[in-house]
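J.: Below you'll find the structure I mean.
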Amino acid sequence: MAFKGRVEIDRERCKGCLLCIRSCPTDVLAVAAEPNSWGYYPAEQIAQEKCIACGNCFAVCPDVAITVFKIDGGNNA
Amino acid sequence: MAFKGRVEIDRERCKGCLLCIRSCPTDVLAVAAEPNSWGYYPAEQIAQEKCIACGNCFAVCPDVAITVFKIDGGNNA
Amino acid sequence: MTEKTFMAGFGGQGIISMGQAWIYAAMKEGLEVTFFPFYGAEKRGGVARASVIVSDHEIASPLVTKAHSVVVMSSDSLAIGEAVAGPKALLLVNSDLVKASPARSDIRVLRIPCNSLAEKIGDVKIANMVMMGALAEATGALKLDTIAKVFESFFPPSKHSFIPKNLQAVEAGRRAAREA
Amino acid sequence: MTEKTFMAGFGGQGIISMGQAWIYAAMKEGLEVTFFPFYGAEKRGGVARASVIVSDHEIASPLVTKAHSVVVMSSDSLAIGEAVAGPKALLLVNSDLVKASPARSDIRVLRIPCNSLAEKIGDVKIANMVMMGALAEATGALKLDTIAKVFESFFPPSKHSFIPKNLQAVEAGRRAAREA
Amino acid sequence: METATYKHPASLVPLQTKYCPGCGHGVIHRLITEIIDELGLQGSSIVLNPVGCSIWADLYFGTDSVQPAHGRTPAAATGVKRVLKDHLVVCYQGDGDLAAIGTAEIIHAANRGEKFTTIFVNNAIYGMTGGQMAPTTLIGQKATTAPEGRDPGEAGMGYPIRVCEMLATLEGTRYLARGSVDSPANVRKTKQYIKKAFEAQMRGEGFTLVEILSPCPTNWSMKPNEAVDWMVEAMVPVFPLGEIKNLLATDGVAKAGGVAGTAAGGKK
Amino acid sequence: METATYKHPASLVPLQTKYCPGCGHGVIHRLITEIIDELGLQGSSIVLNPVGCSIWADLYFGTDSVQPAHGRTPAAATGVKRVLKDHLVVCYQGDGDLAAIGTAEIIHAANRGEKFTTIFVNNAIYGMTGGQMAPTTLIGQKATTAPEGRDPGEAGMGYPIRVCEMLATLEGTRYLARGSVDSPANVRKTKQYIKKAFEAQMRGEGFTLVEILSPCPTNWSMKPNEAVDWMVEAMVPVFPLGEIKNLLATDGVAKAGGVAGTAAGGKK
Amino acid sequence: MPEKVLMKGNEAIAEGALRAGCTAYFGYPITPQSELPAYMAKHMLPRHLTFVQAESEVAAINMVYGAAAAGARAMTSSSSPGVSLKQEGISYLCGADLPCVIVNVQRSGPGLGGISPAQGDYFQATRGGGHGDYYHIVLAPKDVQECADLTFEAFDLADKWRMPVMILADGLIGQMMEGVVLPPARDLASLPAKPWAVGHQGKSGRPFNHVSSINLVPDELEKSVNDRFERYKAIAESEVRSVSTNCDKADLILVGYGTSSRVAGGAMALAKAEGIELGLFRPTTLWPFPYAEIAEFAAKGKKFLCVEMSMGQMVEDVLLGVGMSGVSGDAAPVHFFGRLGGNIPNEDEVLAAAKDVLAGRSKPHRIGFADRSLGSGRNLGSNRSRGQ
Amino acid sequence: MPEKVLMKGNEAIAEGALRAGCTAYFGYPITPQSELPAYMAKHMLPRHLTFVQAESEVAAINMVYGAAAAGARAMTSSSSPGVSLKQEGISYLCGADLPCVIVNVQRSGPGLGGISPAQGDYFQATRGGGHGDYYHIVLAPKDVQECADLTFEAFDLADKWRMPVMILADGLIGQMMEGVVLPPARDLASLPAKPWAVGHQGKSGRPFNHVSSINLVPDELEKSVNDRFERYKAIAESEVRSVSTNCDKADLILVGYGTSSRVAGGAMALAKAEGIELGLFRPTTLWPFPYAEIAEFAAKGKKFLCVEMSMGQMVEDVLLGVGMSGVSGDAAPVHFFGRLGGNIPNEDEVLAAAKDVLAGRSKPHRIGFADRSLGSGRNLGSNRSRGQ
Ligand SMILES: Cc1ncc(C[n+]2csc(CCOP(=O)(O)OP(=O)(O)O)c2C)c(N)n1
Ligand SMILES: Cc1ncc(C[n+]2csc(CCOP(=O)(O)OP(=O)(O)O)c2C)c(N)n1
Ligand code: SF4
Ligand code: SF4
Ligand code: SF4
Ligand code: SF4
Ligand code: SF4
Ligand code: SF4
Ligand SMILES: [Mg+2]
Ligand SMILES: [Mg+2]
């Protein structure tokens with residue numbers, strides 16, 4: 001059951017642990033090039049369009065820095 | 001393996017719990033009529049000759065008030 | 001009036017309940033009371049002892065050191081009882097169990113055959129109540145005139161059937177003290 | 001001579017090892033030393049701070065409150081460093097990370113590009129040693145003339161291969177301070 | 001149209017936590033608060049946060065909270081729950097807190113069948129105090145107080161304690177499960193364990209505990225991703241995941257699988 | 001000619017004990033001292049006697065002794081044994097001492113595999129303090145602090161803890177057995193358990209413990225013979241006798257029988 | 001007047017607590033206070049109140065912490081070694097400003113010591129045996145009546161000041177029976193609200209409550225301790241209690257609390273019979289200690305004889321009180337008489353010690369110099385048994 | 001002269017212990033002393049000495065009890081809340097006359113409080129936070145050198161007097177690094193024999209040894225405590241230590257121990273620079289406390305300003321010392337300046353407080369009346385982190 005989805009990442013909340021990146025099945029995420037104001041290099045979306053709203057990234061994020069949106073009508077079975 | 005035996009009971013050490021009496025297979029022991037100086041009614045031998053030196057009385061005596069003797073040559077199979 | 005009593009006997013002889021009944025009756029007679037049982041670590045055996053004071057005014061130290069009266073229920077406790085007796089104290093001994101005579105000569109000794117009196121009534125366990133009767137009589141500290149009513153609130157209902165025998169015991173003790 | 005230094009920076013910037021190296025070198029130069037790192041409960045992040053004193057006589061309070069010299073390694077620690085700076089203090093800032101200017105005007109400021117100098121030598125982690133060199137030069141508190149030998153006993157043998165770079169860093173710092 | 005399907009729980013205070021990057025406490029906080037939200041219990045939940053890195057938890061849980069002495073969380077939770085019988089009481093503990101100094105307290109709370117839920121965060125180390133050996137530290141794992149690694153031999157440092165299996169021997173325990181936050185799948189399973197436990201608590205069943213394997217990258221001296229890998233490779237074999245004991249009314253058949261295997265643990 | 005085949009052990013001081021008539025402590029003292037005699041260890045044995053009725057034990061054991069704080073006997077024994085590695089160290093504990101206040105200490109000594117032997121006297125009650133509920137008190141058994149009997153239900157008094165079964169889940173334990181002094185046969189079996197444990201200790205194997213069901217006629221408000229009967233009828237079914245765990249080098253096959261059964265104890 | 005009932009001190013403490021509205025008791029058995037938990041078990045369980053026999057004293061005090069945090073009138077009781085184990089918990093309760101009642105029925109120490117009455121825990125009770133800067137109210141009942149009354153009041157004081165209140169008794173007070181008129185039971189609904197307690201947040205809509213003693217920001221922690229000490233000052237001003245008897249007439253004032261004050265009272269009566277006037281000063285609150293009262297006596301040049309069942313602990317507070325008087329220590333000398341180990345001083349010994357002071361035969365007490373007049377009188381409290 | 005090495009206070013304590021022949025260490029982690037067990041683990045395990053991370057502080061102190069009973073030089077260390085948990089064990093050690101060394105690297109309380117340096121456990125350390133009448137030696141190092149030296153000596157003192165010796169440090173002393181010259185290591189074979197210890201009875205043929213603190217016979221227990229207090233008296237006479245600096249010249253003497261004495265020393269130097277003479281009195285032994293020295297100063301009419309990282313604890317001992325002087329408290333007033341909660345007083349604040357005293361601007365310290373001059377200076381020890 002995969003949907004079309006989108007994630008938002010709170011750059012300032014993110015501590016750059018990168019656990020979301022490894023857990024994304026569709027390689028939506030990667031580490032950003034610029035640090036946030038804490039000095040951490042946060043995760044960012046590099047392939048937003050591939051997101052299937054599976055919530056894996058959200059599940060493992062220790063800092064609840066990610067919000068996952070399901071795009072309605074975006075079901076692609 | 002029963003032997004001929006004999007028990008000695010230290011009247012003053014005995015606290016009259018009577019546990020030895022119930023554990024003697026040959027009813028050698030009974031409670032004495034006179035209390036010891038602590039006020040306890042100690043166990044005493046009423047049928048010394050029936051003793052088979054099994055050590056049951058000794059085994060259960062909480063006050064180690066009993067000594068069991070095996071009488072040599074007293075084996076009676 | 002202040003009556004300081006020291007009670008001693010073999011554990012299990014009802015020293016504690018004697019002391020409690022004594023002060024309970026005293027309280028019902030409007031007196032101030034205090035009762036301190038020396039508590040030990042051994043569960044059975046050993047000497048049971050209690051400091052017991054009844055008074056018509058506030059009681060200072062609850063500890064009896066120079067007793068006005070001493071109750072000795074067993075042979076074991078004679079020495080300890082004598083040591084606590086004050087000058088001219090009254091020493092009540094359970095003559096059934098205490099055969100030896102006190103060493104002190106400056107005190108008055110009353111010998112009460114508590115056990116045999118109690119057995120006569122039908123229960124050796126109420127020897128302590130015999131002694132209590134004797135103590136009241138000999139010291140005059142308690143009147144015990146309402147003791148029947150007092151026992152009704154002292155004993156839990158489940159034990160009320162024993163009250164008559166206890167009353168008999170108290171009475172026997174009083175008589176024995178009068179006659180001794 | 002007593003040089004009271006306050007060191008501050010972002011956790012992980014080597015504030016602690018800078019302080020330790022500083023007092024170790026001072027001790028080897030025959031000075032009395034004391035070093036107190038403020039310890040917190042957070043494991044990562046937060047500002048790392050230390051009170052560091054070297055002196056040619058016994059040191060009383062190990063706490064630096066009116067610092068002679070202040071080392072500020074990150075922008076976070078500028079305010080805290082300024083607050084501790086004594087009158088006419090010397091403020092050494094890591095100009096690569098601290099872009100803001102100090103608010104106080106009564107103190108002398110030396111801007112040392114620790115990170116870029118360290119990176120030039122090949123390891124940004126030795127930015128702290130650059131700063132230490134600058135501190136020695138600017139305060140004159142330490143001679144650092146035997147620093148090569150000192151590093152040999154300061155670093156465990158497993159880290160001896162890093163000594164040359166550390167020496168270069170110290171030297172770069174001294175030069176930067178002279179030139180600043 | 002978009003819907004936020006995975007979002008910050010209402011019962012979790014929107015603060016940057018003081019935990020290190022990659023620390024498991026954060027995920028676990030989220031799971032707890034999500035369930036509190038789902039059960040509608042925010043206004044009648046009390047979290048007891050221990051002495052350990054999760055000493056900060058009361059900053060993050062949007063509920064009433066009580067912070068007791070190190071290891072005594074189950075005792076304090078007993079006091080709280082006995083007074084507030086209709087509240088959700090969550091006792092949050094680390095492995096030092098629960099399995100070392102607080103051993104007596106957890107065992108007796110469990111044996112009494114206290115009706116609160118313990119969330120036991122097993123990161124095989126003392127996080128807050130900087131990496132000392134915990135009762136759950138693995139054999140050979142290094143710690144500041146086991147510089148050459150935990151050695152049950154000559155040094156007599158003992159073996160990793162399997163808390164769920166030990167508590168399973170107590171009749172007061174109704175639900176004991178072990179989850180992990182290493183992967184999305186295990187995070188989701190762990191959430192189900194916690195939810196079962198909370199629901200059982202609100203039904204008034206006996207003692208419930210969910211142990212959660214959780215990374216401490218800082219004191220394991222690993223990067224977060226290495227830490228997660230190490231959990232899977234090294235910790236899970238010693239601390240098998242699953243429901244160790246389930247005697248819940250709604251769950252039908254009792255499971256006590258994990259225990260027999262562990263009894264012979266001495267041979268592993 | 002006569003020979004005294006059963007006589008007062010040399011290591012037992014010939015004193016009238018302060019224990020009540022029919023108290024199990026006396027038999028257990030005798031067993032321990034007999035084995036010390038048999039192993040020739042009187043001059044190199046140290047008994048740690050707990051706070052409990054056996055506080056008197058140091059009067060009776062003809063060996064050096066150490067008397068620690070209530071429940072901390074295993075901790076103190078750890079200190080003693082780590083210093084005197086070649087000595088026989090016997091840690092004597094009651095059920096209040098071991099299974100209540102000293103829970104953490106026994107579990108961790110066991111888990112560390114401390115090389116002393118614990119003699120655990122389970123009389124299902126606090127003897128010395130006058131009959132309060134112990135962790136091993138049976139359901140329904142009366143105690144001054146459970147005047148209507150132990151009630152694991154509303155009163156939340158918990159269940160009798162099976163110490164051996166709980167300790168069996170710890171890898172540091174090598175030998176755990178449960179005996180009883182109700183009958184001559186069980187007294188003899190118990191002696192064998194203790195002897196195995198002492199021998200294992202002297203060989204330097206890990207943690208050994210012998211639990212012994214023991215009557216407390218005084219606080220059970222029974223005559224000694226009634227007390228012994230009650231032990232057999234009421235206690236043994238809850239605390240099954242036998243070797244609960246035996247991983248000793250000399251005993252070949254490991255037994256861990258008791259444990260699996262207990263894990264599902266919740267249903268009993 | 002309500003009827004007098006006969007009770008042990010331990011039972012009167014328990015009943016006083018129940019009538020004050022104690023709904024949560026947590027304890028661990030220990031002589032000589034075991035009647036207290038037994039009484040609680042008997043009377044709380046049928047009423048569906050919380051009675052828990054904890055696994056240890058440490059657990060018990062932390063259960064109290066939880067129950068108090070949840071707003072219950074909570075209590076624990078123990079005796080000396082058990083109270084030592086509660087020290088961390090007491091420090092936490094004080095640090096988190098939680099009200100509760102803690103009973104110590106003292107026995108003789110140090111270590112396992114004995115089980116007979118003693119007063120060796122005065123320092124621990126009044127100086128905080130736990131870590132950090134804190135105090136809490138300490139009440140010392142002298143008889144069974146006060147066991148009931150002071151315990152009853154203790155719950156109110158605890159709630160009023162948000163702190164633990166300790167009842168410091170001893171084995172004699174606990175085991176003794178006397179007549180007592182019990183206070184009427186509190187209506188639970190009438191008890192003060194506790195807006196700081198946890199629970200029912202949703203219903204009330206208040207912000208979340210966090211019961212905690214941690215504060216890692218030094219300025220904030222310092223402020224919270226300073227604020228607490230402001231409260232201590234208010235307590236010292238309003239709650240200090242003591243009883244003086246005959247102190248005006250006498251040159252020498254006996255000072256004692258609890259059992260010792262009873263014995264001292266007996267000695268005072270004996271003295272009177274001999275024509276000697278002695279005073280008796282009894283602090284009822286050991287914290288706050290009635291320093292000002294002592295200072296006033298000292299200013300009048302009174303002599304003091306402290307009577308304790310210890311090697312001399314309260315005597316330090318008397319010395320500190322004298323130090324506040326403006327007169328030198330020599331002008332108001334403080335003497336000490338102590339028995340311990342389970343020995344209870346008796347009236348005669350105390351009278352003898354008082355006569356020694358009056359006759360100039362004894363030296364004042366010197367802290368740290370151990371110049372003590374310790375009796376070696378007859379032992380009545382002995383538990384020696386036959387055969388040993 | 002042996003080489004100076006750079007060490008943390010915690011490490012110096014550990015190394016001092018090892019050199020003194022400590023062969024058994026038992027501890028439980030707690031900030032700010034965790035380097036101490038880590039150092040012990042690192043150096044004891046390879047040498048096959050006994051290092052055990054105990055399951056708790058309670059277990060640790062009881063392991064010490066066992067190891068000390070078996071004759072080892074044994075040690076434990078902790079910080080404030082952990083030391084509270086050891087109180088029962090310490091009372092037992094004192095009651096059983098067992099030597100050992102106990103380290104308290106104090107942090108701020110009460111309760112969980114903070115982890116920053118404090119001196120709030122003075123009462124606990126010097127008055128026996130545990131139950132019953134007992135004392136033990138308390139040594140207060142002021143620098144890393146003394147951490148090593150006093151710990152080294154502590155083991156000798158413990159064995160000599162058969163009692164625990166406490167090292168009372170604080171988070172600053174423990175975490176601070178300074179140069180230190182380490183004492184030469186003791187030869188284990190040279191340590192004093194312990195004929196009272198358990199073990200090897202068979203070989204020696206001596207009677208059985210029973211290490212115990214119980215005595216249920218009051219007369220006997222009383223005697224044993226009295227005998228122990230005779231020993232205390234001898235200790236008070238022979239082991240009391242303090243350092244006075246410039247006290248003759250000055251009217252006002254700063255009194256402080258450990259960290260506070262360092263800060264006071266700094267203030268003294270600042271004062272001198274301004275032409276003001278201040279004295280500094282530093283007790284090195286907190287028990288026995290140098291009362292006689294204080295009394296002597298008081299007799300000369302000196303004023304005192306106690307500096308502590310607490311709400312005022314040692315100040316009570318200074319007051320007691322003044323009370324022994326024969327002059328009234330007004331003639332030798334005792335003032336107090338304290339910071340706490342992890343705040344460390346600084347030289348300037350102390351100097352300012354001293355000037356206030358000299359100028360008559362501040363009132364003397366009143367026990368129980370909380371008339372304290374508490375600064376509210378800048379906070380340097382804060383652990384506030386960004387974002388919160
Ligand atoms: C009585 C007491 N002892 C020790 C400590 C120090 N301490 C704080 S947290 C902690 C253990 C932390 O480990 P854990 O419980 O595993 O939690 P984590 O930090 O790993 O989440 C310790 C020992 C304390 N605060 N109080
Ligand atoms: C710290 C502490 N708490 C409580 C006690 C009181 N106490 C003495 S013995 C005992 C328990 C006795 O029970 P158990 O261990 O089962 O031994 P038993 O007497 O039954 O043999 C208790 C609670 C104590 N001495 N010290
Ligand atoms: S929701 Fe799933 S697909 Fe989308 S970014 Fe997260 S992990 Fe990747
Ligand atoms: S898991 Fe969360 S904190 Fe970690 S990198 Fe991804 S968004 Fe950032
Ligand atoms: S030895 Fe056996 S037969 Fe003889 S008396 Fe004893 S029990 Fe009876
Ligand atoms: S078993 Fe021992 S104590 Fe009991 S009656 Fe027999 S001889 Fe006496
Ligand atoms: S130290 Fe470990 S447990 Fe603590 S916050 Fe950091 S990663 Fe988490
Ligand atoms: S009370 Fe029980 S355990 Fe104690 S001596 Fe008596 S029978 Fe034995
Ligand atoms: Mg952990
Ligand atoms: Mg028992």
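Residues are referred to by chain and number: the chain letter is A, B, ... according to the order shown in the structure tokens, the number counts from 1 in that chain, and ligands are numbered separately from 1 in the order shown.
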Which residues, written as JSON, numbers by chain, have at least one atom at most 7 Å from Arg262 of chain G, with only C-alpha atoms counted and residues fewer than 3 positions away on the same chain left out?
T.: {"C": [60, 61], "G": [142, 258, 259, 265, 266]}
J.: List all protein, DNA and RNA residues that have at least one atom no more than 6 Å from any atom of ligand 1, counting only C-alpha atoms and all ligand atoms, and write them as a ChimeraX atom specification.
T.: /E:51-54,70,94-97,123,125-129 /H:29-31,81-82
J.: Pull N, CA and C atoms from the residues just selected and write them as a PDB file, in the first residue's frame.
T.:
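Result written to result_18.pdb:
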```pdb
ATOM      1  N   VAL E  51      16.300   9.055  37.181  1.00  0.00           N
ATOM      2  CA  VAL E  51      17.601   9.707  37.118  1.00  0.00           C
ATOM      3  C   VAL E  51      18.408   8.934  36.080  1.00  0.00           C
ATOM      4  N   GLY E  52      18.820   9.612  35.059  1.00  0.00           N
ATOM      5  CA  GLY E  52      19.467   9.025  33.887  1.00  0.00           C
ATOM      6  C   GLY E  52      19.313  10.090  32.822  1.00  0.00           C
ATOM      7  N   CYS E  53      19.740   9.795  31.601  1.00  0.00           N
ATOM      8  CA  CYS E  53      19.600  10.833  30.578  1.00  0.00           C
ATOM      9  C   CYS E  53      18.160  11.283  30.461  1.00  0.00           C
ATOM     10  N   SER E  54      17.229  10.390  30.746  1.00  0.00           N
ATOM     11  CA  SER E  54      15.812  10.759  30.624  1.00  0.00           C
ATOM     12  C   SER E  54      15.325  11.561  31.830  1.00  0.00           C
ATOM     13  N   HIS E  70      17.082   8.090  42.123  1.00  0.00           N
ATOM     14  CA  HIS E  70      17.648   7.118  41.180  1.00  0.00           C
ATOM     15  C   HIS E  70      17.265   5.682  41.565  1.00  0.00           C
ATOM     16  N   GLY E  94      15.845   3.769  32.916  1.00  0.00           N
ATOM     17  CA  GLY E  94      17.018   3.287  32.187  1.00  0.00           C
ATOM     18  C   GLY E  94      17.517   1.993  32.798  1.00  0.00           C
ATOM     19  N   ASP E  95      18.531   1.424  32.173  1.00  0.00           N
ATOM     20  CA  ASP E  95      18.991   0.121  32.656  1.00  0.00           C
ATOM     21  C   ASP E  95      19.804   0.217  33.944  1.00  0.00           C
ATOM     22  N   GLY E  96      20.482   1.344  34.143  1.00  0.00           N
ATOM     23  CA  GLY E  96      21.154   1.498  35.430  1.00  0.00           C
ATOM     24  C   GLY E  96      20.124   1.696  36.521  1.00  0.00           C
ATOM     25  N   ASP E  97      19.178   2.553  36.231  1.00  0.00           N
ATOM     26  CA  ASP E  97      18.121   2.879  37.178  1.00  0.00           C
ATOM     27  C   ASP E  97      17.311   1.639  37.555  1.00  0.00           C
ATOM     28  N   ASN E 123      19.878   0.540  27.086  1.00  0.00           N
ATOM     29  CA  ASN E 123      20.927   0.942  26.147  1.00  0.00           C
ATOM     30  C   ASN E 123      22.285   0.380  26.568  1.00  0.00           C
ATOM     31  N   ILE E 125      24.234   0.610  28.901  1.00  0.00           N
ATOM     32  CA  ILE E 125      25.285   1.504  29.406  1.00  0.00           C
ATOM     33  C   ILE E 125      24.652   2.539  30.333  1.00  0.00           C
ATOM     34  N   TYR E 126      25.460   3.134  31.185  1.00  0.00           N
ATOM     35  CA  TYR E 126      25.027   4.317  31.916  1.00  0.00           C
ATOM     36  C   TYR E 126      25.267   5.509  31.020  1.00  0.00           C
ATOM     37  N   GLY E 127      24.181   6.063  30.485  1.00  0.00           N
ATOM     38  CA  GLY E 127      24.338   7.194  29.590  1.00  0.00           C
ATOM     39  C   GLY E 127      24.737   8.453  30.334  1.00  0.00           C
ATOM     40  N   MET E 128      23.893   8.869  31.247  1.00  0.00           N
ATOM     41  CA  MET E 128      24.065  10.181  31.846  1.00  0.00           C
ATOM     42  C   MET E 128      25.403  10.393  32.536  1.00  0.00           C
ATOM     43  N   THR E 129      25.882   9.376  33.229  1.00  0.00           N
ATOM     44  CA  THR E 129      27.109   9.558  33.993  1.00  0.00           C
ATOM     45  C   THR E 129      28.360   9.299  33.155  1.00  0.00           C
TER      46      THR E 129
ATOM     47  N   PRO H  29      28.575   4.530  40.068  1.00  0.00           N
ATOM     48  CA  PRO H  29      28.858   5.779  39.362  1.00  0.00           C
ATOM     49  C   PRO H  29      27.999   6.940  39.825  1.00  0.00           C
ATOM     50  N   ILE H  30      28.577   8.088  39.926  1.00  0.00           N
ATOM     51  CA  ILE H  30      27.814   9.317  40.122  1.00  0.00           C
ATOM     52  C   ILE H  30      28.723  10.507  39.825  1.00  0.00           C
ATOM     53  N   THR H  31      28.187  11.467  39.125  1.00  0.00           N
ATOM     54  CA  THR H  31      28.859  12.726  38.867  1.00  0.00           C
ATOM     55  C   THR H  31      28.883  13.523  40.167  1.00  0.00           C
ATOM     56  N   PRO H  81      23.950  12.443  46.984  1.00  0.00           N
ATOM     57  CA  PRO H  81      22.801  11.531  47.173  1.00  0.00           C
ATOM     58  C   PRO H  81      23.270  10.110  47.453  1.00  0.00           C
ATOM     59  N   GLY H  82      24.346   9.728  46.817  1.00  0.00           N
ATOM     60  CA  GLY H  82      24.893   8.395  47.049  1.00  0.00           C
ATOM     61  C   GLY H  82      25.419   8.227  48.461  1.00  0.00           C
TER      62      GLY H  82
END
```
J.: Please identify all protein, DNA and RNA residues within 12 Å of ligand 9, counting only C-alpha atoms and all ligand atoms, and report them as a PyMOL selection string.
T.: chain E and resi 23-25+50-55+71+92-100+120-137+143+211-220
J.: Leaving out Trp287 of chain H and any residue of its chain fewer than 5 positions from it, which residues lie within 10 Å of it when counting only C-alpha atoms, given as a ChimeraX atom specification?
T.: /G:368 /H:122,125-127,135-140,165-166,232,235-236,239-241
J.: List all protein, DNA and RNA residues that have an atom no more than 7 Å from any atom of ligand 4, counting only C-alpha atoms and all ligand atoms, and report them as a ChimeraX atom specification.
T.: /A:9,13-21,42-43,57,60-66 /E:21-22
J.: Deliver the residues from the most recent selection as a file, using C-alpha atoms, as a PDB file, in the first residue's frame.
T.:
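The result, written out as selection11.pdb:
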```
ATOM      1  CA  ILE A   9      11.978  18.301   7.945  1.00  0.00           C
ATOM      2  CA  ARG A  13      15.132  20.392  15.234  1.00  0.00           C
ATOM      3  CA  CYS A  14      17.169  17.865  13.269  1.00  0.00           C
ATOM      4  CA  LYS A  15      20.412  16.713  14.891  1.00  0.00           C
ATOM      5  CA  GLY A  16      21.836  15.139  11.784  1.00  0.00           C
ATOM      6  CA  CYS A  17      21.833  11.566  13.034  1.00  0.00           C
ATOM      7  CA  LEU A  18      20.976  10.425   9.501  1.00  0.00           C
ATOM      8  CA  LEU A  19      18.900   7.510  10.695  1.00  0.00           C
ATOM      9  CA  CYS A  20      16.010   8.632   8.521  1.00  0.00           C
ATOM     10  CA  ILE A  21      18.151   8.456   5.445  1.00  0.00           C
ATOM     11  CA  PRO A  42      20.432  18.051   8.903  1.00  0.00           C
ATOM     12  CA  ALA A  43      18.666  15.633   6.620  1.00  0.00           C
ATOM     13  CA  CYS A  57      11.802   8.191   8.358  1.00  0.00           C
ATOM     14  CA  VAL A  60      13.124   6.281  13.452  1.00  0.00           C
ATOM     15  CA  CYS A  61      13.669  10.003  13.894  1.00  0.00           C
ATOM     16  CA  PRO A  62      14.742  10.562  17.507  1.00  0.00           C
ATOM     17  CA  ASP A  63      13.959  14.234  17.282  1.00  0.00           C
ATOM     18  CA  VAL A  64      10.514  14.131  15.738  1.00  0.00           C
ATOM     19  CA  ALA A  65      11.894  16.528  13.178  1.00  0.00           C
ATOM     20  CA  ILE A  66       9.905  15.040  10.300  1.00  0.00           C
TER      21      ILE A  66
ATOM     22  CA  PRO E  21      22.045  12.863  17.974  1.00  0.00           C
ATOM     23  CA  GLY E  22      20.744   9.373  17.306  1.00  0.00           C
TER      24      GLY E  22
END
```
J.: Per DSSP on the backbone, what are the strand (DSSP E or B) residues of segment 11-213 of chain E, as a PyMOL selection string?
T.: chain E and resi 12+45-48+61+64-66+88-94+117-122+126+132+139+143+146+150+173-180+207-213
